[in-house]
Structures are given as structure tokens and as C-alpha cells.
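As stored in data.pdb (PDB, C-alpha atoms, pLDDT in the B column):
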```
ATOM      1  CA  MET U 147      -8.882  -6.737  21.378  1.00 43.00           C
ATOM      2  CA  ALA U 148      -8.078  -4.985  18.145  1.00 46.00           C
ATOM      3  CA  ASN U 149      -9.189  -1.435  17.317  1.00 61.00           C
ATOM      4  CA  ASP U 150     -10.951  -2.654  14.174  1.00 71.00           C
ATOM      5  CA  GLN U 151     -13.524  -4.691  16.072  1.00 76.00           C
ATOM      6  CA  VAL U 152     -17.097  -3.481  15.895  1.00 84.00           C
ATOM      7  CA  PHE U 153     -19.996  -3.795  18.283  1.00 82.00           C
ATOM      8  CA  THR U 154     -23.049  -5.855  17.410  1.00 81.00           C
ATOM      9  CA  GLY U 155     -25.168  -2.725  16.893  1.00 81.00           C
ATOM     10  CA  GLN U 156     -22.747  -1.457  14.240  1.00 86.00           C
ATOM     11  CA  ARG U 157     -23.368  -4.480  12.042  1.00 90.00           C
ATOM     12  CA  ASP U 158     -26.325  -3.081  10.122  1.00 89.00           C
ATOM     13  CA  ARG U 159     -26.066  -4.680   6.649  1.00 93.00           C
ATOM     14  CA  LYS U 160     -27.368  -8.134   5.846  1.00 95.00           C
ATOM     15  CA  ILE U 161     -24.991  -9.873   3.434  1.00 96.00           C
ATOM     16  CA  GLU U 162     -24.762 -13.355   1.988  1.00 96.00           C
ATOM     17  CA  ILE U 163     -21.470 -15.195   1.621  1.00 96.00           C
ATOM     18  CA  VAL U 164     -21.316 -17.649  -1.268  1.00 96.00           C
ATOM     19  CA  LYS U 165     -18.757 -20.266  -2.277  1.00 94.00           C
ATOM     20  CA  PHE U 166     -18.470 -22.121  -5.559  1.00 90.00           C
ATOM     21  CA  THR U 167     -18.169 -25.890  -5.839  1.00 90.00           C
ATOM     22  CA  LYS U 168     -17.577 -28.176  -8.799  1.00 90.00           C
ATOM     23  CA  THR U 169     -20.464 -30.500  -9.634  1.00 88.00           C
ATOM     24  CA  LYS U 170     -21.530 -32.647 -12.567  1.00 87.00           C
ATOM     25  CA  ASN U 171     -24.635 -31.808 -14.554  1.00 84.00           C
ATOM     26  CA  ALA U 172     -27.108 -34.166 -16.251  1.00 85.00           C
ATOM     27  CA  ILE U 173     -24.762 -34.934 -19.166  1.00 88.00           C
ATOM     28  CA  ASN U 174     -21.774 -35.508 -16.867  1.00 86.00           C
ATOM     29  CA  GLU U 175     -20.044 -32.199 -17.590  1.00 89.00           C
ATOM     30  CA  VAL U 176     -18.262 -30.370 -14.810  1.00 90.00           C
ATOM     31  CA  ALA U 177     -20.236 -27.304 -13.766  1.00 88.00           C
ATOM     32  CA  THR U 178     -19.760 -24.717 -11.056  1.00 88.00           C
ATOM     33  CA  ALA U 179     -22.536 -24.495  -8.484  1.00 89.00           C
ATOM     34  CA  GLU U 180     -23.152 -21.610  -6.112  1.00 90.00           C
ATOM     35  CA  VAL U 181     -23.524 -22.687  -2.469  1.00 93.00           C
ATOM     36  CA  SER U 182     -24.580 -20.259   0.253  1.00 94.00           C
ATOM     37  CA  VAL U 183     -22.386 -20.269   3.357  1.00 94.00           C
ATOM     38  CA  GLY U 184     -24.981 -18.153   5.152  1.00 94.00           C
ATOM     39  CA  PHE U 185     -26.468 -14.746   5.778  1.00 96.00           C
ATOM     40  CA  PHE U 186     -24.660 -12.471   8.210  1.00 95.00           C
ATOM     41  CA  TRP U 187     -25.088  -9.043   9.729  1.00 94.00           C
ATOM     42  CA  ALA U 188     -21.995  -7.023   8.835  1.00 95.00           C
ATOM     43  CA  ALA U 189     -20.471  -3.611   9.349  1.00 93.00           C
ATOM     44  CA  MET U 190     -19.392  -2.178   5.993  1.00 92.00           C
ATOM     45  CA  LYS U 191     -16.643   0.369   5.455  1.00 90.00           C
ATOM     46  CA  ASP U 192     -16.200   1.803   1.972  1.00 85.00           C
ATOM     47  CA  ILE U 193     -12.570   2.562   1.111  1.00 80.00           C
ATOM     48  CA  SER U 194     -12.959   3.173  -2.616  1.00 69.00           C
ATOM     49  CA  GLY U 195     -11.572   5.890  -4.806  1.00 59.00           C
ATOM     50  CA  ASN U 196      -7.926   6.681  -5.325  1.00 57.00           C
ATOM     51  CA  GLU U 197      -5.837   9.234  -7.113  1.00 56.00           C
ATOM     52  CA  ASN U 198      -2.432   8.420  -8.562  1.00 58.00           C
ATOM     53  CA  GLU U 199       0.542  10.774  -8.978  1.00 59.00           C
ATOM     54  CA  GLU U 200      -0.649  11.907 -12.423  1.00 62.00           C
ATOM     55  CA  GLY U 201      -3.967  13.100 -11.036  1.00 58.00           C
ATOM     56  CA  LYS U 202      -6.044  10.378 -12.646  1.00 59.00           C
ATOM     57  CA  VAL U 203      -8.915   9.223 -10.497  1.00 54.00           C
ATOM     58  CA  ILE U 204      -9.126   5.467 -10.178  1.00 57.00           C
ATOM     59  CA  HIS U 205     -12.561   4.111  -9.315  1.00 53.00           C
ATOM     60  CA  LEU U 206     -11.984   0.836  -7.539  1.00 63.00           C
ATOM     61  CA  ILE U 207     -14.804  -0.209  -5.298  1.00 64.00           C
ATOM     62  CA  ASN U 208     -13.038  -1.682  -2.329  1.00 83.00           C
ATOM     63  CA  ARG U 209     -14.852  -2.381   0.890  1.00 89.00           C
ATOM     64  CA  THR U 210     -14.360  -4.143   4.149  1.00 92.00           C
ATOM     65  CA  TYR U 211     -17.033  -6.127   5.951  1.00 93.00           C
ATOM     66  CA  THR U 212     -16.757  -7.119   9.600  1.00 94.00           C
ATOM     67  CA  ILE U 213     -18.753 -10.237  10.485  1.00 94.00           C
ATOM     68  CA  PRO U 214     -18.869 -12.615  13.458  1.00 94.00           C
ATOM     69  CA  TYR U 215     -16.229 -15.353  13.402  1.00 94.00           C
ATOM     70  CA  VAL U 216     -17.108 -18.296  11.116  1.00 94.00           C
ATOM     71  CA  ALA U 217     -14.474 -21.033  10.794  1.00 93.00           C
ATOM     72  CA  GLU U 218     -15.453 -21.932   7.216  1.00 93.00           C
ATOM     73  CA  VAL U 219     -15.045 -18.316   6.087  1.00 93.00           C
ATOM     74  CA  LYS U 220     -11.722 -17.988   7.928  1.00 94.00           C
ATOM     75  CA  THR U 221     -10.200 -21.014   6.190  1.00 92.00           C
ATOM     76  CA  GLY U 222     -11.617 -20.625   2.675  1.00 90.00           C
ATOM     77  CA  GLY U 223     -12.846 -17.056   2.515  1.00 87.00           C
ATOM     78  CA  ASP U 224     -10.451 -15.912  -0.193  1.00 86.00           C
ATOM     79  CA  HIS U 225     -12.352 -18.157  -2.626  1.00 90.00           C
ATOM     80  CA  MET U 226     -15.762 -16.774  -1.666  1.00 93.00           C
ATOM     81  CA  VAL U 227     -18.024 -13.957  -2.795  1.00 95.00           C
ATOM     82  CA  VAL U 228     -20.050 -11.453  -0.771  1.00 95.00           C
ATOM     83  CA  LYS U 229     -23.509 -10.526  -2.047  1.00 95.00           C
ATOM     84  CA  ASP U 230     -24.635  -7.104  -0.847  1.00 93.00           C
ATOM     85  CA  GLU U 231     -27.715  -5.329  -2.209  1.00 90.00           C
ATOM     86  CA  GLY U 232     -27.519  -7.147  -5.548  1.00 88.00           C
ATOM     87  CA  SER U 233     -23.779  -6.532  -6.060  1.00 90.00           C
ATOM     88  CA  LEU U 234     -21.071  -9.205  -5.998  1.00 92.00           C
ATOM     89  CA  PHE U 235     -17.752  -8.632  -4.265  1.00 92.00           C
ATOM     90  CA  GLN U 236     -14.792 -11.029  -4.433  1.00 92.00           C
ATOM     91  CA  VAL U 237     -13.105 -11.632  -1.076  1.00 93.00           C
ATOM     92  CA  TYR U 238      -9.352 -11.232  -1.478  1.00 91.00           C
ATOM     93  CA  HIS U 239      -8.282 -11.281   2.178  1.00 91.00           C
ATOM     94  CA  VAL U 240      -9.707 -12.522   5.491  1.00 94.00           C
ATOM     95  CA  GLN U 241      -8.280 -11.107   8.712  1.00 93.00           C
ATOM     96  CA  GLU U 242      -9.146 -12.417  12.169  1.00 93.00           C
ATOM     97  CA  LEU U 243      -9.988  -9.727  14.726  1.00 92.00           C
ATOM     98  CA  GLY U 244      -9.499 -10.945  18.254  1.00 89.00           C
ATOM     99  CA  ARG U 245      -9.280 -14.620  19.027  1.00 89.00           C
ATOM    100  CA  LYS U 246     -12.219 -16.203  17.195  1.00 89.00           C
ATOM    101  CA  ALA U 247     -14.281 -13.042  17.751  1.00 91.00           C
ATOM    102  CA  GLN U 248     -14.755 -11.396  14.355  1.00 94.00           C
ATOM    103  CA  LEU U 249     -13.520 -11.537  10.772  1.00 94.00           C
ATOM    104  CA  LEU U 250     -12.601  -8.585   8.573  1.00 93.00           C
ATOM    105  CA  LEU U 251     -13.289  -9.376   4.911  1.00 93.00           C
ATOM    106  CA  LYS U 252     -11.477  -7.217   2.366  1.00 92.00           C
ATOM    107  CA  VAL U 253     -13.372  -7.268  -0.925  1.00 92.00           C
ATOM    108  CA  LYS U 254     -13.380  -5.755  -4.402  1.00 89.00           C
ATOM    109  CA  VAL U 255     -15.980  -5.731  -7.149  1.00 86.00           C
ATOM    110  CA  ARG U 256     -16.262  -9.102  -8.857  1.00 80.00           C
ATOM    111  CA  GLU U 257     -15.823  -8.800 -12.608  1.00 70.00           C
TER     112      GLU U 257
END
```

Let's see the structure in the file written out as C-alpha cells.
Amino acid sequence: MANDQVFTGQRDRKIEIVKFTKTKNAINEVATAEVSVGFFWAAMKDISGNENEEGKVIHLINRTYTIPYVAEVKTGGDHMVVKDEGSLFQVYHVQELGRKAQLLLKVKVRE
């Protein structure tokens, strides 16, 4: 098992994972619809804030969320969004922890 795995009791934030699908509206135009993949208990780790060599502080809100393994998130997670306390975070990488045990979602603020 990997060192990054978390215990069930450490997953203390309820998040929603959302994907976007193309649909047609009433006048036959292509529209994007938001579809919930589900609500999950997650362990969040905030890794934001950076300083470059010139001393400028860069405020990038980067986080990681560890959730139970979900096959749909593993295969298409990099096109999904995490909703946490009213904020949207774009998933840019999904890493499997253990064999079908947990997923580590690396996210950044969705602009």
C-alpha cells in the first residue's frame, strides 16, 4: 500500500464530483449539461502558495482530494470538476493509490 493512502476516518469533507456532457436544448442547439457523478467523503490536503526565485508570491490554489476508488472517476476524472464548499476545482490528474483502493485527485481552481 502506498504512503499517501488515508484511513476512512481521515476523509472528513463531503465533496461532489461533476462531469459535463453535450446535450441538445429545445431549439436543437448543442448545450453543455452538468451531471453529478456522486457525493464522496474525501481527505483534503491544501498545497497552495508558492514563491519563485524573484520573491514574488504566487497564489495558486492547488489541492489534493483522496476518495474511495470509483472506476468512472479513474477513467475520465481529468475532465471532471470537484465541488467543495461552493468552490469549483478542475481535476487535472487522477492517481490510483493501491490496487482499486483509493484515488488521489489533484485539482486547481476552475476559472

Exercise. How many Å lie between CA of Leu250 (chain U) and CA of Ala179 (chain U), rounded to one decimal?
Worked result: 25.4 Å

Exercise. When distances are computed from all atoms listed in the file, which of U:Ala172, U:Leu243, U:Ala177, U:Val253 shows the smallest separation from Asp224 (chain U)?
Worked result: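 Ranked by minimum distance to Asp224 (chain U), first place goes to U:Val253.
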
Exercise. Neighbours of Arg157 (chain U) within 6 Å (only C-alpha atoms; same-chain residues fewer than 3 positions away dropped), as a PyMOL selection string?
Worked result: chain U and resi 154+187-189

For this session: Have a look at CA of Leu234 (chain U) and CA of Val255 (chain U) and let me know their distance in Å, one decimal.
Result: 6.3 Å

Env of Ala247 (chain U): 12 Å cut, atoms = only C-alpha atoms, seq-sep filter 4 positions within chain, self excluded. Answer as a tab-separated table (two decimals) with C-alpha atoms, keeping the file's coordinate frame.
```
chain	number	residue	atom	x	y	z
U	147	MET	CA	-8.88	-6.74	21.38
U	148	ALA	CA	-8.08	-4.99	18.14
U	150	ASP	CA	-10.95	-2.65	14.17
U	151	GLN	CA	-13.52	-4.69	16.07
U	152	VAL	CA	-17.10	-3.48	15.90
U	153	PHE	CA	-20.00	-3.80	18.28
U	154	THR	CA	-23.05	-5.86	17.41
U	212	THR	CA	-16.76	-7.12	9.60
U	213	ILE	CA	-18.75	-10.24	10.48
U	214	PRO	CA	-18.87	-12.62	13.46
U	215	TYR	CA	-16.23	-15.35	13.40
U	216	VAL	CA	-17.11	-18.30	11.12
U	217	ALA	CA	-14.47	-21.03	10.79
U	220	LYS	CA	-11.72	-17.99	7.93
U	241	GLN	CA	-8.28	-11.11	8.71
U	242	GLU	CA	-9.15	-12.42	12.17
U	243	LEU	CA	-9.99	-9.73	14.73
```

Problem set entry | Near-Lys254 (chain U) list (7 Å; only C-alpha atoms; drop same-chain fewer than 4 positions) as a PyMOL selection string | chain U and resi 207-209+235-237

Exercise. How would you write, as an MDAnalysis selection string, the residues chosen by the PyMOL selection byres ((chain U and resi 226) around 6) on this structure?
Worked result: chainID U and resid 164:165 223:225 227 237

For this session: Tell me, in Å to one decimal, how far CA of Glu180 (chain U) is from CA of Lys168 (chain U).
Result: 9.0 Å
